[in-house]
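Coordinates as given in structure-v3.txt (compact mmCIF, C-alpha atoms):
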```txt
# COMPACT_ATOMS: atom_id res chain seq x y z
CA MET A 1 100.44 3.76 36.35
CA ARG A 2 98.39 0.64 35.78
CA HIS A 3 98.08 0.38 39.55
CA ASP A 4 96.56 3.88 39.68
CA ARG A 5 94.04 3.02 36.95
CA ARG A 6 92.97 -0.06 38.87
CA GLY A 7 92.56 2.07 41.99
CA ILE A 8 90.40 4.56 40.12
CA SER A 9 88.39 1.75 38.58
CA GLY A 10 87.79 0.21 42.02
CA SER A 11 86.71 3.57 43.43
CA GLU A 12 84.32 4.09 40.53
CA GLY A 13 82.91 0.60 41.09
CA ARG A 14 82.28 1.25 44.77
CA LEU A 15 80.72 4.62 43.92
CA HIS A 16 78.42 2.96 41.40
CA THR A 17 77.45 0.28 43.95
CA ASN A 18 76.73 2.91 46.58
CA LYS A 19 74.53 4.84 44.15
CA LEU A 20 72.55 1.69 43.41
CA LEU A 21 72.17 0.92 47.12
CA ILE A 22 71.02 4.49 47.80
CA GLN A 23 68.37 4.09 45.08
CA VAL A 24 67.30 0.80 46.68
CA LEU A 25 67.07 2.31 50.16
CA ARG A 26 64.97 5.25 48.95
CA LYS A 27 62.36 2.81 47.61
CA ILE A 28 61.97 1.02 50.94
CA PRO A 29 58.75 2.20 52.65
CA ILE A 30 60.25 3.06 56.06
CA PHE A 31 62.94 5.22 54.40
CA ARG A 32 60.62 6.93 51.94
CA GLY A 33 60.99 10.71 51.98
CA LEU A 34 64.52 10.81 53.39
CA SER A 35 66.95 13.30 51.91
CA PRO A 36 69.99 12.02 49.97
CA THR A 37 72.19 12.87 52.95
CA GLN A 38 69.92 10.96 55.33
CA VAL A 39 69.85 7.95 53.00
CA LYS A 40 73.66 7.98 52.92
CA THR A 41 73.62 7.98 56.71
CA ILE A 42 71.38 4.90 56.72
CA LEU A 43 73.61 3.26 54.12
CA GLY A 44 76.56 3.84 56.41
CA LEU A 45 74.85 1.66 59.03
CA CYS A 46 74.44 -1.28 56.64
CA THR A 47 76.70 -4.30 56.60
CA PRO A 48 76.28 -7.03 53.96
CA ARG A 49 75.48 -10.56 55.04
CA ALA A 50 74.94 -13.76 53.05
CA PHE A 51 72.37 -16.42 53.95
CA PRO A 52 72.72 -19.74 52.13
CA ALA A 53 69.56 -21.71 51.41
CA GLY A 54 68.28 -23.24 54.65
CA ALA A 55 70.02 -20.70 56.89
CA LEU A 56 68.17 -19.14 59.82
CA VAL A 57 67.85 -15.37 59.54
CA CYS A 58 66.10 -14.81 62.87
CA ARG A 59 64.05 -16.86 65.31
CA SER A 60 60.72 -16.21 66.99
CA ASP A 61 60.96 -14.78 70.54
CA SER A 62 64.59 -13.72 70.03
CA PRO A 63 65.62 -10.07 70.66
CA SER A 64 64.89 -7.65 67.84
CA ASP A 65 68.44 -6.36 67.64
CA GLU A 66 68.77 -6.30 63.83
CA MET A 67 66.72 -5.42 60.77
CA PHE A 68 67.39 -6.92 57.36
CA ILE A 69 67.04 -5.47 53.87
CA LEU A 70 66.75 -8.39 51.44
CA ILE A 71 68.74 -7.59 48.28
CA SER A 72 68.61 -10.97 46.55
CA GLY A 73 67.23 -14.45 47.12
CA GLU A 74 64.06 -15.46 48.95
CA LEU A 75 63.02 -15.84 52.59
CA VAL A 76 60.10 -17.59 54.26
CA VAL A 77 58.32 -16.30 57.38
CA SER A 78 56.83 -18.83 59.82
CA THR A 79 54.90 -18.52 63.07
CA ALA A 80 56.23 -19.87 66.35
CA GLU A 81 54.15 -23.00 65.62
CA GLY A 82 55.98 -23.52 62.32
CA ILE A 83 53.15 -22.40 60.03
CA ARG A 84 54.36 -20.54 56.95
CA VAL A 85 52.61 -17.21 56.63
CA ALA A 86 54.59 -15.31 53.99
CA THR A 87 57.39 -15.43 51.47
CA VAL A 88 59.73 -12.44 51.21
CA THR A 89 61.36 -11.38 47.94
CA PRO A 90 63.68 -8.43 47.17
CA VAL A 91 63.69 -5.59 47.93
CA THR A 92 61.99 -5.87 51.32
CA THR A 93 62.76 -5.14 54.96
CA VAL A 94 62.47 -7.81 57.64
CA GLY A 95 62.33 -7.12 61.37
CA GLU A 96 61.99 -3.35 61.13
CA LEU A 97 58.96 -3.12 63.44
CA GLY A 98 60.75 -5.05 66.17
CA VAL A 99 63.78 -2.80 65.88
CA ILE A 100 61.53 0.26 66.25
CA SER A 101 59.38 -1.13 69.09
CA GLY A 102 62.02 -3.18 70.88
CA HIS A 103 59.62 -6.12 71.25
CA PRO A 104 60.90 -9.69 70.74
CA ARG A 105 60.46 -11.20 67.29
CA THR A 106 57.05 -12.73 66.58
CA ALA A 107 58.14 -14.94 63.66
CA THR A 108 60.97 -17.11 62.44
CA VAL A 109 62.60 -16.21 59.13
CA GLU A 110 64.67 -18.62 57.04
CA ALA A 111 66.34 -18.42 53.64
CA ILE A 112 64.82 -20.80 51.09
CA LYS A 113 67.24 -19.67 48.39
CA ASN A 114 70.78 -18.34 48.57
CA SER A 115 70.14 -14.79 49.76
CA SER A 116 72.02 -11.60 50.53
CA ALA A 117 70.90 -8.77 52.78
CA LEU A 118 72.01 -5.51 54.28
CA VAL A 119 71.90 -5.66 58.08
CA ILE A 120 71.31 -2.69 60.37
CA GLN A 121 72.01 -3.04 64.08
CA ARG A 122 69.29 -1.69 66.35
CA ALA A 123 71.78 0.13 68.59
CA HIS A 124 73.29 1.97 65.63
CA PHE A 125 69.86 2.76 64.20
CA ASP A 126 68.63 4.12 67.54
CA TYR A 127 71.70 6.36 67.79
CA VAL A 128 71.07 7.84 64.32
CA LEU A 129 67.39 8.44 65.13
CA ARG A 130 68.29 10.24 68.36
CA ASP A 131 70.95 12.29 66.58
CA ASP A 132 68.74 13.38 63.64
CA ARG A 133 65.25 14.37 64.79
CA ASP A 134 64.08 15.07 61.23
CA LEU A 135 65.12 11.58 60.13
CA GLN A 136 63.43 10.15 63.22
CA ALA A 137 60.17 11.95 62.43
CA ILE A 138 60.13 10.71 58.82
CA VAL A 139 60.86 7.11 59.79
CA TYR A 140 58.23 7.09 62.55
CA ARG A 141 55.65 8.64 60.22
CA ASN A 142 56.41 5.96 57.63
CA ILE A 143 56.02 3.24 60.26
CA ILE A 144 52.66 4.68 61.30
CA ASP A 145 51.53 4.78 57.67
CA LEU A 146 52.56 1.16 57.17
CA LEU A 147 50.73 0.06 60.31
CA ALA A 148 47.65 2.02 59.25
CA VAL A 149 47.61 0.33 55.84
CA LYS A 150 48.09 -3.09 57.43
CA LEU A 151 45.31 -2.45 59.94
CA THR A 152 42.97 -1.27 57.19
CA ASN A 153 43.71 -4.32 55.04
CA ASP A 154 43.24 -6.65 58.01
CA ASN A 155 39.91 -4.99 58.83
CA ILE A 156 38.77 -5.31 55.22
CA ARG A 157 39.69 -9.00 55.13
CA LEU A 158 37.95 -9.58 58.48
CA ARG A 159 34.84 -7.78 57.27
CA ASP A 160 34.83 -9.80 54.03
CA HIS A 161 35.16 -13.06 55.95
CA GLU A 162 32.37 -12.09 58.34
CA MET A 163 30.05 -11.07 55.50
CA ALA A 164 30.85 -14.26 53.60
CA ALA A 165 30.20 -16.33 56.72
CA GLN A 166 26.84 -14.62 57.23
CA ARG A 167 25.84 -15.22 53.62
CA TYR A 168 26.81 -18.86 53.77
CA GLU A 169 25.05 -19.39 57.08
CA ALA A 170 21.86 -17.91 55.63
CA ARG A 171 22.21 -20.02 52.49
CA ILE A 172 22.89 -23.16 54.52
CA SER A 173 19.77 -22.49 56.58
CA VAL A 174 17.66 -22.22 53.41
CA LEU A 175 19.22 -25.35 51.93
CA GLU A 176 18.66 -27.31 55.13
CA ARG A 177 14.99 -26.33 55.14
CA GLU A 178 14.62 -27.27 51.47
CA LEU A 179 16.39 -30.56 52.15
CA ARG A 180 13.99 -31.41 54.98
CA GLU A 181 11.03 -30.65 52.71
CA GLN A 182 12.42 -32.84 49.93
CA GLN A 183 13.12 -35.65 52.38
CA GLN A 184 9.53 -35.46 53.63
CA LYS A 185 8.19 -35.55 50.06
CA ALA A 186 10.45 -38.45 49.15
CA GLY A 187 9.36 -40.36 52.24
CA LEU A 188 5.67 -39.82 51.42
CA SER A 189 6.25 -40.91 47.81
CA VAL A 190 7.92 -44.12 48.92
CA ASP A 191 5.09 -44.82 51.37
CA MET A 192 2.48 -44.28 48.63
CA LEU A 193 4.27 -46.57 46.16
CA VAL A 194 4.68 -49.30 48.77
CA GLU A 195 1.07 -49.05 49.87
CA LYS A 196 -0.73 -48.56 46.55
CA ALA A 197 1.54 -50.30 44.04
CA GLY A 198 2.73 -53.10 46.27
CA VAL A 199 6.42 -52.34 45.57
CA ASP A 200 8.95 -53.88 47.94
CA ARG A 201 10.28 -51.02 50.09
CA HIS A 202 13.88 -52.30 50.25
CA VAL A 203 14.06 -52.82 46.49
CA LEU A 204 12.59 -49.34 45.86
CA GLU A 205 14.97 -47.59 48.26
CA ALA A 206 17.97 -49.39 46.78
CA GLU A 207 16.95 -48.30 43.28
CA LEU A 208 16.43 -44.71 44.41
CA ASP A 209 19.88 -44.66 46.04
CA SER A 210 21.45 -45.99 42.86
CA GLN A 211 19.75 -43.40 40.65
CA THR A 212 20.27 -40.34 42.84
CA ARG A 213 23.81 -40.84 44.11
CA GLN A 214 26.07 -38.48 42.11
CA PRO A 215 29.87 -38.30 42.52
CA LEU A 216 31.23 -35.05 43.97
CA PRO A 217 33.24 -32.80 41.64
CA VAL A 218 36.98 -33.40 42.09
CA ILE A 219 39.12 -30.29 42.71
CA LEU A 220 42.90 -30.58 42.57
CA VAL A 221 44.58 -28.06 44.91
CA VAL A 222 48.24 -27.41 44.06
CA ASP A 223 50.39 -25.39 46.49
CA ASP A 224 53.78 -25.97 48.10
CA GLU A 225 52.55 -24.69 51.48
CA PRO A 226 50.63 -27.36 53.47
CA GLU A 227 48.81 -24.67 55.46
CA VAL A 228 47.36 -23.13 52.29
CA ARG A 229 46.27 -26.53 51.02
CA ALA A 230 44.59 -27.24 54.36
CA LEU A 231 42.77 -23.90 54.25
CA LEU A 232 41.50 -24.52 50.72
CA ARG A 233 40.49 -28.09 51.58
CA GLN A 234 38.40 -26.83 54.50
CA ALA A 235 36.88 -24.05 52.39
CA LEU A 236 35.93 -26.60 49.71
CA ALA A 237 34.64 -29.28 52.09
CA THR A 238 31.57 -29.89 49.92
CA TYR A 239 33.79 -31.15 47.09
CA CYS A 240 36.23 -34.01 46.71
CA VAL A 241 39.60 -32.27 47.18
CA VAL A 242 42.87 -33.83 46.02
CA GLU A 243 46.19 -32.16 46.95
CA ALA A 244 49.60 -31.77 45.33
CA ALA A 245 52.69 -29.83 46.48
CA ASN A 246 53.87 -28.82 42.99
CA GLY A 247 53.08 -29.12 39.30
CA LYS A 248 54.86 -32.47 38.89
CA GLU A 249 52.82 -34.03 41.71
CA ALA A 250 49.67 -32.51 40.24
CA LEU A 251 50.25 -34.24 36.89
CA GLU A 252 50.82 -37.52 38.72
CA ARG A 253 47.52 -37.04 40.61
CA LEU A 254 45.71 -36.31 37.34
CA ALA A 255 47.10 -39.46 35.78
CA ALA A 256 45.75 -41.48 38.71
CA LYS A 257 42.44 -39.64 39.21
CA PRO A 258 40.78 -37.22 36.75
CA ALA A 259 39.78 -33.84 38.15
CA ASP A 260 37.05 -31.36 37.30
CA LEU A 261 39.00 -28.24 38.30
CA ILE A 262 42.55 -27.22 39.28
CA LEU A 263 43.42 -24.50 41.81
CA THR A 264 47.14 -23.83 41.55
CA ASP A 265 49.67 -21.53 43.15
CA LEU A 266 52.08 -19.90 40.71
CA ARG A 267 55.41 -19.92 42.58
CA MET A 268 56.36 -23.50 43.50
CA PRO A 269 59.51 -25.62 43.41
CA VAL A 270 60.05 -28.47 40.90
CA MET A 271 57.27 -27.26 38.55
CA ASP A 272 55.50 -23.92 38.97
CA GLY A 273 51.94 -22.98 38.09
CA PHE A 274 52.79 -21.66 34.63
CA GLU A 275 54.56 -24.90 33.68
CA LEU A 276 51.66 -26.91 35.09
CA LEU A 277 49.17 -24.91 33.02
CA ALA A 278 51.14 -25.59 29.83
CA ALA A 279 51.21 -29.33 30.57
CA VAL A 280 47.49 -29.42 31.45
CA ARG A 281 46.55 -27.58 28.27
CA ARG A 282 48.43 -30.22 26.25
CA GLN A 283 46.99 -33.22 28.08
CA PHE A 284 43.59 -31.98 29.32
CA PRO A 285 42.65 -28.99 27.15
CA ASP A 286 39.12 -28.65 28.59
CA LEU A 287 40.14 -28.81 32.26
CA PRO A 288 39.64 -25.37 33.94
CA VAL A 289 42.64 -24.01 35.84
CA LEU A 290 42.36 -21.18 38.38
CA ALA A 291 45.55 -19.40 39.49
CA ILE A 292 46.23 -18.37 43.10
CA SER A 293 49.04 -16.02 44.11
CA GLY A 294 50.14 -13.62 46.80
CA PHE A 295 52.95 -12.13 44.71
CA LEU A 296 51.42 -11.60 41.28
CA ASP A 297 48.17 -9.88 40.39
CA GLU A 298 45.60 -10.38 37.66
CA ASP A 299 47.45 -8.11 35.24
CA ASP A 300 50.64 -10.16 35.65
CA ILE A 301 48.97 -13.37 34.43
CA SER A 302 46.74 -11.80 31.80
CA GLY A 303 47.06 -13.69 28.53
CA GLN A 304 48.72 -16.73 30.12
CA GLY A 305 45.63 -18.91 29.63
CA PHE A 306 44.32 -19.33 33.16
CA ASP A 307 40.54 -19.45 33.49
CA ASP A 308 40.60 -16.97 36.37
CA PHE A 309 42.69 -15.61 39.24
CA ILE A 310 42.37 -15.49 43.04
CA GLU A 311 44.63 -13.26 45.12
CA LYS A 312 46.10 -14.38 48.45
CA PRO A 313 44.97 -14.06 51.21
CA VAL A 314 42.04 -15.90 49.62
CA SER A 315 38.58 -14.39 49.94
CA LEU A 316 36.18 -17.29 50.62
CA ALA A 317 33.36 -15.52 48.79
CA ARG A 318 35.57 -14.99 45.73
CA LEU A 319 36.84 -18.58 45.91
CA HIS A 320 33.35 -20.11 45.95
CA GLU A 321 32.14 -17.78 43.23
CA LEU A 322 34.93 -18.75 40.84
CA VAL A 323 34.80 -22.47 41.67
CA VAL A 324 31.03 -22.68 41.16
CA GLY A 325 31.28 -20.70 37.93
CA ALA A 326 34.14 -22.79 36.52
CA LEU A 327 32.41 -26.07 37.33
CA ALA A 328 29.13 -24.84 35.85
CA ARG A 329 30.86 -23.85 32.59
CA ARG A 330 32.51 -27.27 32.46
CA MET A 331 29.08 -28.95 32.74
CA GLU A 332 27.61 -26.92 29.85
```
Could the structure of this file be written out as structure tokens, please?
Amino acid sequence: MRHDRRGISGSEGRLHTNKLLIQVLRKIPIFRGLSPTQVKTILGLCTPRAFPAGALVCRSDSPSDEMFILISGELVVSTAEGIRVATVTPVTTVGELGVISGHPRTATVEAIKNSSALVIQRAHFDYVLRDDRDLQAIVYRNIIDLLAVKLTNDNIRLRDHEMAAQRYEARISVLERELREQQQKAGLSVDMLVEKAGVDRHVLEAELDSQTRQPLPVILVVDDEPEVRALLRQALATYCVVEAANGKEALERLAAKPADLILTDLRMPVMDGFELLAAVRRQFPDLPVLAISGFLDEDDISGQGFDDFIEKPVSLARLHELVVGALARRME
């Protein structure tokens, strides 16, 4: 009798797990709009697979013979050149476009935490799509919608970058002209002082250099991805940029060299952006801290104490606007 109760309990457990997985699948964009029966069909294709931290999920240029539905853990997506371009958290699909198109994979995916996923074989998925035309139509429509959204977002980002570049080019042109005018005026002033007041030119120029040379503002960029730090360093080339890979390193940099502003990612190993902010507020209460994230939005960090927020991918116009504003407020 006890054996029967255990059997019933196990069946109920599997039923509960299947219900949860069905709910998960229905929230995935490419399966949105499927009927309960169709979702169960998709679930029947899924096999669980574990990926320990550091394990390779798929490699660039390999055949797209599987798609993955990340249930737990965290994955990182890198280009063929090894540049990290995205971090994947549950619940998200990986490799679905390759399975649909049949093209080789364009990125390498690795687990950076112990992860578990549901795996769907392309051959099995193709068979189900051929067998159920309604399911096929819904999935293809969802794929088209996803591609349309991605294309729109990419076009918006490209337009923003082009507009920002045009504005900065125009501003640089004006500043260069003003700089030439000031240099001409300064040169004439030096000539007049040397000629009429008898001041030694070398002594005068040395004194002018000493009085006018101002140190550049120091910006501490904190992000665990070297590519992001490099991008921000290039975007902030007119400042003195110091880098750190996590909050702990950032505090060590601050101890060695004071900064005027911190730009920090939120999700980092060792010490994240929230922990860094708390430490900075204790040690350097007046130091402005701007948060950067591709996973959280402004509402998520509201009330945490950051001076402002920049969403990834970073808009250069937004970045410069916030940096200039934060530094100006610090000077007041």
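Comparing the minimum interatomic distances between Ala244 (chain A) and each of A:Asp224, A:Asp131, A:Val289, A:Ala256, counting all atoms listed in the file, we find that A:Asp224 sits nearest.
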Could the centre and edge lengths of an axis-aligned box, enclosing all atoms of region 178-186 of chain A in the file with 8 Å extra on each side, be given in Å to one decimal as AutoDock Vina command-line options?
```
--center_x 12.3 --center_y -32.9 --center_z 52.1 --size_x 24.2 --size_y 27.2 --size_z 21.8
```
Sphere at (60.6, -17.4, 57.3), radius 6 Å, counting all atoms listed in the file: residues as a list of chain:residue names: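 Checked against the point, the hits come out as A:Leu75, A:Val76, A:Val77, A:Ser78, A:Thr108, A:Val109, A:Glu110.
With all atoms listed in the file as the atoms that count, the residue of A:Pro258, A:Pro313, A:Gly187, A:Gly44 with the shortest distance to Pro217 (chain A) is A:Pro258.
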Selected residue, from A:Tyr127, A:Glu243, A:Gly33, A:Arg59, that lies nearest to Asn142 (chain A) when counting only C-alpha atoms: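 Using only C-alpha atoms, Asn142 (chain A) sits closest to A:Gly33.
Residues lying within 12 Å of His103 (chain A), counting only C-alpha atoms and ignoring same-chain neighbours fewer than 6 positions away, are Ser60, Asp61, Ser62, Pro63, Ser64, Asp65, Glu66, Gly95, Glu96, Leu97 and Arg122 of chain A.
Going from CA of Thr92 (chain A) over to CA of Asn153 (chain A), you cover 18.7 Å.
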CA of Ala80 (chain A) to CA of Thr106 (chain A), distance in Å rounded to a single decimal: 7.2 Å
Between CA of Arg84 (chain A) and CA of Ile100 (chain A) - distance in Å to one decimal: 23.9 Å
Which residue of A:Ile120, A:Ala317, A:Pro36, A:Ala328 approaches Arg159 (chain A) most closely, using only C-alpha atoms: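 The closest residue to Arg159 (chain A) is A:Ala317.
Restricting the calculation to all atoms listed in the file, the smallest distance between Gly98 (chain A) and any of A:Leu151, A:Val242, A:Met331, A:Ile143 is found for A:Ile143.
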Cut-off 12 Å around (34.5, -28.1, 51.7) with all atoms listed in the file: residues as JSON, numbers by chain: {"A": [216, 217, 218, 219, 229, 230, 231, 232, 233, 234, 235, 236, 237, 238, 239, 240, 241, 242, 316, 319, 320, 323]}
Output C-alpha atoms for every residue in that selection, as a PDB file, in the frame of the given file.
```pdb
ATOM      1  CA  LEU A 216      31.230 -35.050  43.970  1.00  0.00           C
ATOM      2  CA  PRO A 217      33.240 -32.800  41.640  1.00  0.00           C
ATOM      3  CA  VAL A 218      36.980 -33.400  42.090  1.00  0.00           C
ATOM      4  CA  ILE A 219      39.120 -30.290  42.710  1.00  0.00           C
ATOM      5  CA  ARG A 229      46.270 -26.530  51.020  1.00  0.00           C
ATOM      6  CA  ALA A 230      44.590 -27.240  54.360  1.00  0.00           C
ATOM      7  CA  LEU A 231      42.770 -23.900  54.250  1.00  0.00           C
ATOM      8  CA  LEU A 232      41.500 -24.520  50.720  1.00  0.00           C
ATOM      9  CA  ARG A 233      40.490 -28.090  51.580  1.00  0.00           C
ATOM     10  CA  GLN A 234      38.400 -26.830  54.500  1.00  0.00           C
ATOM     11  CA  ALA A 235      36.880 -24.050  52.390  1.00  0.00           C
ATOM     12  CA  LEU A 236      35.930 -26.600  49.710  1.00  0.00           C
ATOM     13  CA  ALA A 237      34.640 -29.280  52.090  1.00  0.00           C
ATOM     14  CA  THR A 238      31.570 -29.890  49.920  1.00  0.00           C
ATOM     15  CA  TYR A 239      33.790 -31.150  47.090  1.00  0.00           C
ATOM     16  CA  CYS A 240      36.230 -34.010  46.710  1.00  0.00           C
ATOM     17  CA  VAL A 241      39.600 -32.270  47.180  1.00  0.00           C
ATOM     18  CA  VAL A 242      42.870 -33.830  46.020  1.00  0.00           C
ATOM     19  CA  LEU A 316      36.180 -17.290  50.620  1.00  0.00           C
ATOM     20  CA  LEU A 319      36.840 -18.580  45.910  1.00  0.00           C
ATOM     21  CA  HIS A 320      33.350 -20.110  45.950  1.00  0.00           C
ATOM     22  CA  VAL A 323      34.800 -22.470  41.670  1.00  0.00           C
TER      23      VAL A 323
END
```
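Considering the residues A:Gly247, A:Pro52, A:Pro285, A:Pro215 and counting all atoms listed in the file, Ser116 (chain A) has its shortest atom-to-atom contact with A:Pro52.
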Test item: residues at most 9 Å from Leu322 (chain A), all atoms listed in the file, excluding those fewer than 2 positions along its chain, as a list in words: Leu290, Asp308, Phe309, Ile310, Ala317, Arg318, Leu319, His320, Val324, Gly325, Ala326 and Leu327 of chain A
N, CA and C atoms of region 165-182 of chain A from block above, as a PDB file, in the first residue's frame:
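Output contents, as saved in result24.pdb:
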```
ATOM      1  N   ALA A 165      27.237  61.099 -33.600  1.00  0.00           N
ATOM      2  CA  ALA A 165      28.506  61.360 -34.278  1.00  0.00           C
ATOM      3  C   ALA A 165      28.462  62.688 -35.030  1.00  0.00           C
ATOM      4  N   GLN A 166      27.336  62.968 -35.686  1.00  0.00           N
ATOM      5  CA  GLN A 166      27.198  64.239 -36.405  1.00  0.00           C
ATOM      6  C   GLN A 166      27.243  65.430 -35.453  1.00  0.00           C
ATOM      7  N   ARG A 167      26.554  65.280 -34.307  1.00  0.00           N
ATOM      8  CA  ARG A 167      26.572  66.382 -33.336  1.00  0.00           C
ATOM      9  C   ARG A 167      27.978  66.614 -32.797  1.00  0.00           C
ATOM     10  N   TYR A 168      28.677  65.539 -32.497  1.00  0.00           N
ATOM     11  CA  TYR A 168      30.015  65.699 -31.937  1.00  0.00           C
ATOM     12  C   TYR A 168      30.999  66.229 -32.972  1.00  0.00           C
ATOM     13  N   GLU A 169      30.831  65.812 -34.224  1.00  0.00           N
ATOM     14  CA  GLU A 169      31.701  66.344 -35.272  1.00  0.00           C
ATOM     15  C   GLU A 169      31.495  67.847 -35.442  1.00  0.00           C
ATOM     16  N   ALA A 170      30.226  68.272 -35.406  1.00  0.00           N
ATOM     17  CA  ALA A 170      29.943  69.703 -35.515  1.00  0.00           C
ATOM     18  C   ALA A 170      30.505  70.463 -34.314  1.00  0.00           C
ATOM     19  N   ARG A 171      30.331  69.886 -33.121  1.00  0.00           N
ATOM     20  CA  ARG A 171      30.842  70.539 -31.920  1.00  0.00           C
ATOM     21  C   ARG A 171      32.362  70.597 -31.924  1.00  0.00           C
ATOM     22  N   ILE A 172      32.999  69.514 -32.386  1.00  0.00           N
ATOM     23  CA  ILE A 172      34.457  69.492 -32.453  1.00  0.00           C
ATOM     24  C   ILE A 172      34.967  70.549 -33.419  1.00  0.00           C
ATOM     25  N   SER A 173      34.257  70.709 -34.540  1.00  0.00           N
ATOM     26  CA  SER A 173      34.646  71.722 -35.516  1.00  0.00           C
ATOM     27  C   SER A 173      34.598  73.124 -34.898  1.00  0.00           C
ATOM     28  N   VAL A 174      33.531  73.403 -34.153  1.00  0.00           N
ATOM     29  CA  VAL A 174      33.403  74.712 -33.494  1.00  0.00           C
ATOM     30  C   VAL A 174      34.514  74.901 -32.463  1.00  0.00           C
ATOM     31  N   LEU A 175      34.751  73.857 -31.665  1.00  0.00           N
ATOM     32  CA  LEU A 175      35.780  73.954 -30.627  1.00  0.00           C
ATOM     33  C   LEU A 175      37.170  74.125 -31.231  1.00  0.00           C
ATOM     34  N   GLU A 176      37.436  73.449 -32.342  1.00  0.00           N
ATOM     35  CA  GLU A 176      38.734  73.610 -32.996  1.00  0.00           C
ATOM     36  C   GLU A 176      38.926  75.034 -33.496  1.00  0.00           C
ATOM     37  N   ARG A 177      37.865  75.627 -34.051  1.00  0.00           N
ATOM     38  CA  ARG A 177      37.952  77.002 -34.527  1.00  0.00           C
ATOM     39  C   ARG A 177      38.183  77.963 -33.358  1.00  0.00           C
ATOM     40  N   GLU A 178      37.431  77.745 -32.267  1.00  0.00           N
ATOM     41  CA  GLU A 178      37.608  78.596 -31.091  1.00  0.00           C
ATOM     42  C   GLU A 178      39.008  78.433 -30.506  1.00  0.00           C
ATOM     43  N   LEU A 179      39.513  77.195 -30.537  1.00  0.00           N
ATOM     44  CA  LEU A 179      40.859  76.958 -30.013  1.00  0.00           C
ATOM     45  C   LEU A 179      41.902  77.692 -30.844  1.00  0.00           C
ATOM     46  N   ARG A 180      41.768  77.662 -32.163  1.00  0.00           N
ATOM     47  CA  ARG A 180      42.714  78.383 -33.017  1.00  0.00           C
ATOM     48  C   ARG A 180      42.680  79.880 -32.733  1.00  0.00           C
ATOM     49  N   GLU A 181      41.472  80.417 -32.537  1.00  0.00           N
ATOM     50  CA  GLU A 181      41.344  81.848 -32.231  1.00  0.00           C
ATOM     51  C   GLU A 181      42.005  82.187 -30.903  1.00  0.00           C
ATOM     52  N   GLN A 182      41.787  81.333 -29.896  1.00  0.00           N
ATOM     53  CA  GLN A 182      42.399  81.591 -28.595  1.00  0.00           C
ATOM     54  C   GLN A 182      43.915  81.473 -28.664  1.00  0.00           C
TER      55      GLN A 182
END
```
